[in-house]
>>> print(open('final-v9.txt').read())   # compact mmCIF, C-alpha atoms
# COMPACT_ATOMS: atom_id res chain seq x y z
CA MET A 1 -34.53 -38.46 46.68
CA LYS A 2 -32.84 -39.71 43.51
CA SER A 3 -29.20 -39.04 42.92
CA ILE A 4 -28.08 -37.35 39.71
CA SER A 5 -26.62 -40.61 38.36
CA GLN A 6 -29.92 -42.42 38.95
CA ALA A 7 -31.86 -39.68 37.15
CA SER A 8 -29.52 -39.69 34.13
CA ASN A 9 -29.60 -43.52 33.96
CA PHE A 10 -33.39 -43.42 34.01
CA LYS A 11 -33.49 -41.06 31.02
CA ILE A 12 -31.05 -43.12 28.97
CA ILE A 13 -32.85 -46.47 29.39
CA PRO A 14 -35.60 -45.67 26.83
CA TYR A 15 -32.90 -44.83 24.28
CA ILE A 16 -31.12 -48.10 25.00
CA ILE A 17 -34.44 -49.88 24.44
CA LEU A 18 -34.84 -47.93 21.17
CA PHE A 19 -31.39 -48.95 19.95
CA VAL A 20 -32.09 -52.57 20.90
CA SER A 21 -35.24 -52.28 18.78
CA ILE A 22 -33.15 -51.05 15.86
CA LEU A 23 -30.69 -53.95 16.30
CA PHE A 24 -33.54 -56.50 16.38
CA SER A 25 -35.04 -54.91 13.28
CA ILE A 26 -31.76 -55.09 11.38
CA SER A 27 -31.15 -58.67 12.53
CA GLY A 28 -34.67 -59.74 11.57
CA GLN A 29 -34.34 -58.24 8.09
CA LEU A 30 -30.96 -59.92 7.53
CA LEU A 31 -32.35 -63.24 8.75
CA MET A 32 -35.31 -62.89 6.36
CA LYS A 33 -32.90 -62.27 3.48
CA HIS A 34 -30.81 -65.28 4.53
CA THR A 35 -33.91 -67.45 4.74
CA MET A 36 -35.17 -66.43 1.32
CA SER A 37 -31.70 -66.73 -0.26
CA HIS A 38 -31.41 -70.38 0.76
CA THR A 39 -34.61 -71.83 -0.64
CA ASP A 40 -32.87 -74.45 -2.81
CA GLU A 41 -34.51 -77.21 -0.81
CA GLY A 42 -37.88 -75.64 -1.51
CA LEU A 43 -40.34 -73.32 0.12
CA PHE A 44 -42.42 -74.44 3.07
CA THR A 45 -40.13 -77.25 4.12
CA TRP A 46 -39.65 -77.77 7.86
CA GLU A 47 -36.17 -76.18 7.75
CA PHE A 48 -37.46 -73.19 5.79
CA LEU A 49 -40.35 -72.64 8.21
CA GLN A 50 -37.99 -72.80 11.21
CA LYS A 51 -35.66 -70.19 9.69
CA LEU A 52 -38.59 -67.98 8.73
CA ALA A 53 -40.11 -68.29 12.21
CA LEU A 54 -36.78 -67.25 13.76
CA ALA A 55 -36.50 -64.24 11.44
CA ILE A 56 -40.05 -63.11 12.17
CA THR A 57 -39.59 -63.64 15.92
CA VAL A 58 -36.44 -61.51 15.98
CA TYR A 59 -38.19 -58.81 13.95
CA CYS A 60 -41.19 -58.91 16.32
CA LEU A 61 -38.86 -58.47 19.30
CA GLY A 62 -37.82 -55.24 17.60
CA ILE A 63 -41.46 -54.16 17.42
CA VAL A 64 -41.99 -54.93 21.12
CA ASN A 65 -38.92 -52.89 22.04
CA TRP A 66 -40.12 -50.09 19.74
CA ILE A 67 -43.44 -49.95 21.59
CA LEU A 68 -41.65 -49.88 24.95
CA ALA A 69 -39.32 -47.10 23.79
CA LEU A 70 -42.27 -44.99 22.63
CA ARG A 71 -43.51 -44.82 26.21
CA SER A 72 -40.74 -42.34 26.99
CA VAL A 73 -39.07 -41.22 23.76
CA LYS A 74 -40.76 -38.59 21.61
CA LEU A 75 -41.95 -40.01 18.30
CA SER A 76 -40.35 -37.05 16.49
CA ILE A 77 -37.00 -38.26 17.87
CA ALA A 78 -37.53 -42.04 17.81
CA TYR A 79 -38.75 -42.35 14.24
CA PRO A 80 -35.81 -40.56 12.60
CA LEU A 81 -33.44 -42.70 14.65
CA THR A 82 -34.89 -45.80 13.01
CA SER A 83 -33.21 -44.65 9.81
CA LEU A 84 -30.08 -46.11 11.40
CA ASN A 85 -31.54 -49.35 10.02
CA TYR A 86 -30.16 -48.19 6.65
CA VAL A 87 -26.63 -48.19 8.07
CA GLY A 88 -27.00 -51.61 9.68
CA ILE A 89 -28.57 -53.18 6.61
CA LEU A 90 -25.88 -51.69 4.34
CA PHE A 91 -23.03 -53.16 6.39
CA GLY A 92 -24.89 -56.39 7.15
CA SER A 93 -25.57 -56.92 3.44
CA TYR A 94 -21.91 -56.35 2.69
CA TYR A 95 -20.68 -58.67 5.42
CA PHE A 96 -23.20 -61.52 5.15
CA PHE A 97 -24.26 -61.41 1.49
CA ASN A 98 -21.17 -59.96 -0.21
CA GLU A 99 -23.16 -57.05 -1.62
CA VAL A 100 -21.15 -54.18 -3.05
CA ILE A 101 -20.94 -50.90 -1.16
CA THR A 102 -20.49 -48.12 -3.68
CA LEU A 103 -19.44 -44.54 -3.00
CA THR A 104 -22.97 -43.46 -3.91
CA ARG A 105 -24.43 -45.73 -1.22
CA ILE A 106 -21.91 -44.50 1.34
CA ALA A 107 -22.77 -40.88 0.46
CA GLY A 108 -26.46 -41.67 0.80
CA VAL A 109 -26.03 -43.30 4.22
CA ILE A 110 -23.86 -40.41 5.43
CA THR A 111 -26.53 -37.98 4.24
CA ILE A 112 -29.21 -39.92 6.11
CA PHE A 113 -27.05 -40.06 9.23
CA LEU A 114 -26.37 -36.31 9.13
CA GLY A 115 -30.09 -35.69 8.66
CA VAL A 116 -30.82 -37.82 11.72
CA LEU A 117 -28.31 -35.81 13.72
CA LEU A 118 -30.02 -32.57 12.69
CA VAL A 119 -33.36 -33.95 13.87
CA VAL A 120 -32.16 -35.55 17.11
CA ILE A 121 -29.67 -33.01 18.46
CA PRO A 122 -31.62 -30.52 20.55
CA LEU A 123 -31.33 -26.87 19.64
CA LYS A 124 -30.92 -24.28 22.34
CA LYS A 125 -34.09 -22.29 22.88
CA ALA A 126 -33.86 -18.57 22.26
CA THR A 127 -34.87 -16.61 25.34
>>> encode(input="final-v9.txt", output="C-alpha cells")
Amino acid sequence: MKSISQASNFKIIPYIILFVSILFSISGQLLMKHTMSHTDEGLFTWEFLQKLALAITVYCLGIVNWILALRSVKLSIAYPLTSLNYVGILFGSYYFFNEVITLTRIAGVITIFLGVLLVVIPLKKAT
C-alpha cells in the first residue's frame, strides 16, 4: 500500500518533467539565438556547427521530456503551460541579449500567464 506522500510525489513527477521540458525549450531557443548572433566568423565553420549542434540537442531534450510528460499530463493542461516559454524567452532575451522589455510586453506576458492559470487551475464540479 502506498503512503499519501508517495502518491502525491508520483502525481507531481510528470509536471516536473513538463517544466524541465519548458526549461530545455527556452534554453535551446536562447542558444540558437546566441549561435546565429555570433556568425562573424562565417556560417558552417566548425565552431558554428558545434554551437548549433548544442542548441539543437538542448532543444531536442525538451522534446523528449515533452513526450514523457504527455504520458501522464492531459494535453489540455500541458500545452497551455508551454506558453511559459514566452516568459522565459522574454527574460532570457533581456538578460543575455540586452533586449528591451517594454510595459506592453510585460502586460502581454502577464495576460498570457493569467490565461494559463485560468486553463490549468481546476474548477470545482457542480454537484
>>> closest_atom_pairs(input="final-v9.txt", of="stretch 94-127 of chain A", to="stretch 68-78 of chain A", cutoff="10 Å", atoms="all atoms listed in the file", output="Markdown table")
| residue | atom | partner | partner_atom | distance |
| --- | --- | --- | --- | --- |
| A:Val116 | CA | A:Ile77 | CA | 8.7 |
| A:Leu117 | CA | A:Ile77 | CA | 9.9 |
| A:Val119 | CA | A:Ile77 | CA | 6.9 |
| A:Val120 | CA | A:Ile77 | CA | 5.6 |
| A:Ile121 | CA | A:Ile77 | CA | 9.0 |
| A:Pro122 | CA | A:Ile77 | CA | 9.8 |
>>> atom_distance(input="final-v9.txt", atom1="atom CA of A:Ile63", atom2="atom CA of A:Ile22")
9.0 Å
>>> residues_around(input="final-v9.txt", residues="stretch 57-60 of chain A", least_positions_apart="6", cutoff="7 Å", atoms="all atoms listed in the file", output="list in words")
Phe24, Ser25, Ser27 and Gly28 of chain A
>>> write_last_selection(input="final-v9.txt", atoms="C-alpha atoms", output="PDB file, in the frame of the given file")
ATOM      1  CA  PHE A  24     -33.540 -56.500  16.380  1.00  0.00           C
ATOM      2  CA  SER A  25     -35.040 -54.910  13.280  1.00  0.00           C
ATOM      3  CA  SER A  27     -31.150 -58.670  12.530  1.00  0.00           C
ATOM      4  CA  GLY A  28     -34.670 -59.740  11.570  1.00  0.00           C
TER       5      GLY A  28
END
>>> atom_distance(input="final-v9.txt", atom1="atom CA of A:Asn85", atom2="atom CA of A:Gln29")
9.5 Å
>>> residues_around(input="final-v9.txt", residues="stretch 30-41 of chain A", least_positions_apart="6", cutoff="10 Å", atoms="all atoms listed in the file", output="JSON, numbers by chain")
{"A": [24, 47, 48, 49, 50, 51, 52, 53, 54, 55, 56, 58, 59, 88, 89, 92, 93, 96, 97]}
>>> atom_distance(input="final-v9.txt", atom1="atom CA of A:Ile67", atom2="atom CA of A:Ile12")
16.0 Å
>>> closest_residue(input="final-v9.txt", among="A:Tyr86, A:Tyr94, A:Phe44, A:Trp66", to="A:Ile110", atoms="all atoms listed in the file")
A:Tyr86
>>> build_atoms(input="final-v9.txt", residues="stretch 42-56 of chain A", atoms="N, CA and C atoms", output="mmCIF file, in the frame of the given file")
data_model
loop_
_atom_site.group_PDB
_atom_site.id
_atom_site.type_symbol
_atom_site.label_atom_id
_atom_site.label_comp_id
_atom_site.auth_asym_id
_atom_site.auth_seq_id
_atom_site.Cartn_x
_atom_site.Cartn_y
_atom_site.Cartn_z
ATOM 1 N N GLY A 42 -36.461 -75.878 -1.272
ATOM 2 C CA GLY A 42 -37.880 -75.640 -1.510
ATOM 3 C C GLY A 42 -38.518 -74.792 -0.431
ATOM 4 N N LEU A 43 -39.579 -74.125 -0.835
ATOM 5 C CA LEU A 43 -40.340 -73.320 0.120
ATOM 6 C C LEU A 43 -41.227 -74.229 0.956
ATOM 7 N N PHE A 44 -41.488 -73.783 2.150
ATOM 8 C CA PHE A 44 -42.420 -74.440 3.070
ATOM 9 C C PHE A 44 -41.982 -75.839 3.484
ATOM 10 N N THR A 45 -40.671 -76.052 3.487
ATOM 11 C CA THR A 45 -40.130 -77.250 4.120
ATOM 12 C C THR A 45 -39.990 -76.952 5.609
ATOM 13 N N TRP A 46 -39.776 -77.972 6.424
ATOM 14 C CA TRP A 46 -39.650 -77.770 7.860
ATOM 15 C C TRP A 46 -38.475 -76.837 8.189
ATOM 16 N N GLU A 47 -37.347 -77.036 7.514
ATOM 17 C CA GLU A 47 -36.170 -76.180 7.750
ATOM 18 C C GLU A 47 -36.458 -74.724 7.374
ATOM 19 N N PHE A 48 -37.109 -74.528 6.237
ATOM 20 C CA PHE A 48 -37.460 -73.190 5.790
ATOM 21 C C PHE A 48 -38.379 -72.503 6.807
ATOM 22 N N LEU A 49 -39.391 -73.219 7.268
ATOM 23 C CA LEU A 49 -40.350 -72.640 8.210
ATOM 24 C C LEU A 49 -39.677 -72.291 9.548
ATOM 25 N N GLN A 50 -38.728 -73.099 9.973
ATOM 26 C CA GLN A 50 -37.990 -72.800 11.210
ATOM 27 C C GLN A 50 -37.175 -71.514 11.063
ATOM 28 N N LYS A 51 -36.469 -71.395 9.940
ATOM 29 C CA LYS A 51 -35.660 -70.190 9.690
ATOM 30 C C LYS A 51 -36.552 -68.951 9.582
ATOM 31 N N LEU A 52 -37.666 -69.099 8.885
ATOM 32 C CA LEU A 52 -38.590 -67.980 8.730
ATOM 33 C C LEU A 52 -39.201 -67.588 10.069
ATOM 34 N N ALA A 53 -39.548 -68.567 10.885
ATOM 35 C CA ALA A 53 -40.110 -68.290 12.210
ATOM 36 C C ALA A 53 -39.096 -67.550 13.080
ATOM 37 N N LEU A 54 -37.823 -67.943 13.007
ATOM 38 C CA LEU A 54 -36.780 -67.250 13.760
ATOM 39 C C LEU A 54 -36.655 -65.800 13.302
ATOM 40 N N ALA A 55 -36.631 -65.591 11.988
ATOM 41 C CA ALA A 55 -36.500 -64.240 11.440
ATOM 42 C C ALA A 55 -37.664 -63.362 11.869
ATOM 43 N N ILE A 56 -38.870 -63.888 11.793
ATOM 44 C CA ILE A 56 -40.050 -63.110 12.170
ATOM 45 C C ILE A 56 -40.069 -62.839 13.668
#
